[in-house]
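All remarks here apply to the structure that follows.
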Amino acid sequence: MRLWVYVVRRIVLAIPVLIGVMTVLFVLVSALPETQRACAFYAPSGRTSPCTSMIPCPDDPSRLCSNPVYQSAVETLGLNQPVTTQWAIYVVNSLTFNWGYVGQGTALGTGETGSGLPSLAGHSVTNILVTFLPYSLELLLLTFGIAFLVVVPLYSRATARPGGFAENGSRALTVTGFGVSLIILGSLALVGVTFALGGPANPSTLCAGKSTVFLDFYGSWPQPPCVPLYGTTNIGPVGYPNWLGLGYISTPTGFPTVDAALHGQLWLALDTLLRMAIPALLLALVAIGAFFRVIRYAPTERLDLEFLRGERARGLPEPKVFPRQARRPALSASFTALVPAIPWVLANLILVEMLFNLWGVGRIFSYAVVGGVRDWDFGVLFGTVLLFAIVMVVTDVLANTLRGYLDPTARLT
């Protein structure tokens, strides 16, 4: 099968998977009261919110009248239609990225997250997630880059010498990645690196002594008054530069390292990578554990391939047969294991971004569940889950494309 045919086939097979995920989310959304569904998935009209079915009458505020915005939301979402119609509307809205709006009474809507975020009430969920997505993507790219640098050589070595240190090391990484809480590991790592560099109050070397060592690793960006970033006047340090809105989101790409380099601040590009280093290592540990959980027994099927037997017949010693010849199969197997690893990494992404004060999608998701259940922002919650599902489906297609390129026999499946 040609590669392009294989890729098209994988894309076609991914469509029902994505619709299936949307169907599961629709079932969960259908369990919400109609008022919460209207509140989460319909935009407010001026000062009138779609979150309540009754409002004071315009001509007599002492009486209650039907809320026209709420009724419009019911008709738009098909809440007065059969469940099949509601499902079809939900799928269309999901595919067209109409994922709802930030609620007015939620922590994100009121700005009461305790993080300094302004009120996001009435903002599109899609725009909010797209705004914070680049930071998470950069962190994930760094995570899987580290994971592949560990998995591929370790996998090749474990294949060449079963029962050796590489195979035992892969087992240890699997147990650690799945058995140890990332909150505990992250906290210990943050405290450990801080005290290793002199303690939390020790002056920072990156910010000309204007900050502390702890703040070199906590947060997406240096905190005021870091002179090289914020600049000075004859009065004192000034605020954030205009390309770093409110200290959260960088422009023009949203990827912090890229934007810092584009604005000529290479020291800041290095700083953002250092801030991501510990979180990426922690997430990479989870990814490595998931990788080896999937491909642990895969090496044995490669032991008797003809080209390997030929290498042995030519007199090459066993340690040289596999490290050289098994890298391509190891890389192919790693791409196979990539998709099962993503859910574990995304689940821990939320914990890591909160623990290290990083401004990504995971942190926004955590703010959507601040307070009681009635205060949750269901538009952001279900939108984030749908975004994660899309990331998984797209990654599945890309991983299988690379696998099909590296291993032509994979195109037969």
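Residue numbering restarts at 1 for every chain of the structure tokens, chains are lettered A, B, ... in their displayed order, and ligands are numbered from 1 as they appear.
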List the neighbours of Val397 of chain A out to 12 Å using only C-alpha atoms; skip same-chain residues closer than 3 positions along the sequence, and give me the result as a tab-separated table (two decimals) with C-alpha atoms, in the first residue's frame.
chain	number	residue	atom	x	y	z
A	4	TRP	CA	-0.43	8.45	0.76
A	6	TYR	CA	-2.25	4.63	4.04
A	7	VAL	CA	-2.39	8.20	5.38
A	8	VAL	CA	-5.79	8.89	3.79
A	9	ARG	CA	-7.08	5.63	5.24
A	10	ARG	CA	-5.92	6.60	8.73
A	11	ILE	CA	-7.60	10.00	8.41
A	12	VAL	CA	-10.87	8.40	7.32
A	13	LEU	CA	-10.71	5.94	10.22
A	14	ALA	CA	-10.08	8.82	12.65
A	15	ILE	CA	-13.36	10.56	11.76
A	17	VAL	CA	-13.41	7.94	16.45
A	335	PHE	CA	5.39	5.93	17.44
A	336	THR	CA	2.96	3.03	17.90
A	338	LEU	CA	2.79	7.35	21.40
A	339	VAL	CA	-1.02	7.54	21.23
A	390	ILE	CA	-8.68	16.35	18.83
A	391	VAL	CA	-5.02	16.47	19.89
A	392	MET	CA	-5.08	12.71	20.40
A	393	VAL	CA	-6.72	12.01	17.03
A	394	VAL	CA	-4.32	14.31	15.15
A	400	ASN	CA	0.87	6.28	12.19
A	401	THR	CA	2.11	8.27	9.19
A	402	LEU	CA	5.64	8.28	10.58
A	403	ARG	CA	5.32	4.62	11.50
A	404	GLY	CA	4.18	3.78	7.97
For segment 131-195 of chain A against segment 353-366 of chain A, with a cut-off of 8 Å and counting only C-alpha atoms, what is the closest atom pair and its distance in Å to one decimal for every residue that makes the cut, ordered by chain and number, as a Markdown table?
| residue | atom | partner | partner_atom | distance |
| --- | --- | --- | --- | --- |
| A:Phe132 | CA | A:Gly360 | CA | 4.9 |
| A:Leu133 | CA | A:Val361 | CA | 5.5 |
| A:Pro134 | CA | A:Gly360 | CA | 7.5 |
| A:Tyr135 | CA | A:Gly360 | CA | 5.3 |
| A:Ser136 | CA | A:Gly360 | CA | 4.9 |
| A:Ile183 | CA | A:Leu355 | CA | 7.4 |
| A:Gly186 | CA | A:Leu355 | CA | 7.3 |
| A:Ser187 | CA | A:Leu355 | CA | 7.6 |
Taking N, CA and C atoms for each residue, export the selection above as a CSV table (one decimal), in the first residue's frame.
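Just written: out11.csv:
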chain,number,residue,atom,x,y,z
A,132,PHE,N,-4.3,30.0,25.1
A,132,PHE,CA,-3.4,29.3,26.0
A,132,PHE,C,-2.8,28.0,25.5
A,133,LEU,N,-3.3,27.6,24.3
A,133,LEU,CA,-2.8,26.3,23.8
A,133,LEU,C,-1.3,26.3,23.4
A,134,PRO,N,-0.7,27.3,22.8
A,134,PRO,CA,0.7,27.3,22.4
A,134,PRO,C,1.6,26.9,23.5
A,135,TYR,N,1.4,27.5,24.7
A,135,TYR,CA,2.3,27.2,25.8
A,135,TYR,C,2.3,25.7,26.1
A,136,SER,N,1.1,25.1,26.2
A,136,SER,CA,1.0,23.7,26.5
A,136,SER,C,1.6,22.9,25.4
A,183,ILE,N,2.5,14.8,41.7
A,183,ILE,CA,2.5,16.0,42.7
A,183,ILE,C,3.7,15.9,43.7
A,186,GLY,N,7.0,16.3,41.6
A,186,GLY,CA,7.1,17.7,41.2
A,186,GLY,C,7.5,18.6,42.4
A,187,SER,N,6.8,18.4,43.5
A,187,SER,CA,7.1,19.2,44.7
A,187,SER,C,8.6,19.0,45.1
Counting only C-alpha atoms, the residue among A:Thr113, A:Thr126, A:Asn348, A:Asn80 that lies closest to Val369 of chain A is A:Thr113
Can you pull out every residue within 8 Å of segment 64-77 of chain A, counting only C-alpha atoms, but drop anything in the same chain fewer than 5 positions away, and send it as a VMD selection string? chain A and resid 34 to 35 38 42 44 to 45 48 to 57 86 89 to 90
Could the residues in this selection be saved with C-alpha atoms as a short mmCIF file (atom, residue, chain, number, x, y, z; two decimals), in the first residue's frame?
data_model
loop_
_atom_site.label_atom_id
_atom_site.label_comp_id
_atom_site.auth_asym_id
_atom_site.auth_seq_id
_atom_site.Cartn_x
_atom_site.Cartn_y
_atom_site.Cartn_z
CA GLU A 34 -31.25 22.99 30.46
CA THR A 35 -30.36 26.27 32.16
CA ALA A 38 -27.93 27.24 27.69
CA TYR A 42 -24.94 30.32 24.18
CA PRO A 44 -25.14 36.51 26.39
CA SER A 45 -27.02 39.29 24.62
CA THR A 48 -29.19 39.70 29.43
CA SER A 49 -27.80 36.30 30.34
CA PRO A 50 -29.02 32.99 28.90
CA CYS A 51 -28.46 31.35 32.29
CA THR A 52 -31.98 31.82 33.60
CA SER A 53 -35.37 31.13 32.05
CA MET A 54 -37.14 34.05 33.75
CA ILE A 55 -36.21 37.73 34.08
CA PRO A 56 -37.97 40.81 35.49
CA CYS A 57 -40.56 42.13 33.02
CA GLN A 86 -29.86 17.72 19.72
CA ILE A 89 -26.59 20.10 16.49
CA TYR A 90 -23.96 19.28 19.12
#
If you measure from atom CA of Gly177 of chain A to atom CA of Leu197 of chain A, what distance in Å do you get, rounded to one decimal?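 For atom CA of Gly177 of chain A relative to atom CA of Leu197 of chain A, the distance reads 26.3 Å.
Here atom CA of Val29 of chain A and atom CA of Gly383 of chain A stand 11.1 Å from one another.
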Tell me which protein, DNA and RNA residues are within 7 Å of Ala147 of chain A, counting only C-alpha atoms, leaving out same-chain ones fewer than 5 positions away, and put them as a PDB file with C-alpha atoms, in the first residue's frame.
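Output below, filename around.pdb:
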ATOM      1  CA  ALA A 284       8.478  12.674  30.103  1.00  0.00           C
ATOM      2  CA  ALA A 287       5.316   9.213  28.843  1.00  0.00           C
ATOM      3  CA  ILE A 288       8.296   6.838  29.101  1.00  0.00           C
TER       4      ILE A 288
END
Ala166 of chain A: which residues within 7 Å, counting only C-alpha atoms, same-chain residues fewer than 4 positions away excluded, as a PyMOL selection string? chain A and resi 154+157-158+170
Write the residues of the preceding selection, restricted to N, CA and C atoms, as a JSON list (two decimals), in the first residue's frame.
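Dumped to result.json:
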[["chain", "number", "residue", "atom", "x", "y", "z"],
["A", 154, "LEU", "N", 17.20, 3.07, 24.65],
["A", 154, "LEU", "CA", 16.99, 2.08, 25.72],
["A", 154, "LEU", "C", 16.27, 0.86, 25.18],
["A", 157, "ARG", "N", 18.75, -1.18, 23.09],
["A", 157, "ARG", "CA", 19.70, -1.89, 23.96],
["A", 157, "ARG", "C", 19.02, -3.06, 24.66],
["A", 158, "ALA", "N", 17.78, -2.86, 25.12],
["A", 158, "ALA", "CA", 17.06, -3.94, 25.79],
["A", 158, "ALA", "C", 16.77, -5.08, 24.82],
["A", 170, "SER", "N", 14.13, -0.07, 31.97],
["A", 170, "SER", "CA", 12.82, 0.25, 31.40],
["A", 170, "SER", "C", 11.70, -0.16, 32.34]]
DSSP on the backbone, then: every residue of segment 4-57 of chain A marked strand (DSSP E or B), written as a ChimeraX atom specification. /A:45,48,54-56
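Minimum atom-to-atom distance to Thr194 of chain A, evaluated using only C-alpha atoms, belongs to A:Ile278 out of A:Leu406, A:Ile278, A:Val180, A:Leu95.
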If we count only C-alpha atoms, what is near Phe255 of chain A at a cut-off of 12 Å, once residues fewer than 4 positions away on the same chain are taken out, given as a list in words?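 The neighbour list is Val130, Thr131, Phe132, Leu133, Pro134, Tyr135, Ser136, Leu137, Glu138, Leu139, Leu140, Leu141, Ser220, Trp243, Leu244, Tyr248, Ile249, Ser250, Thr251, Asp259, Ala260, Ala261, Leu262, Ala269, Thr272, Leu273, Trp359 and Gly360 of chain A.
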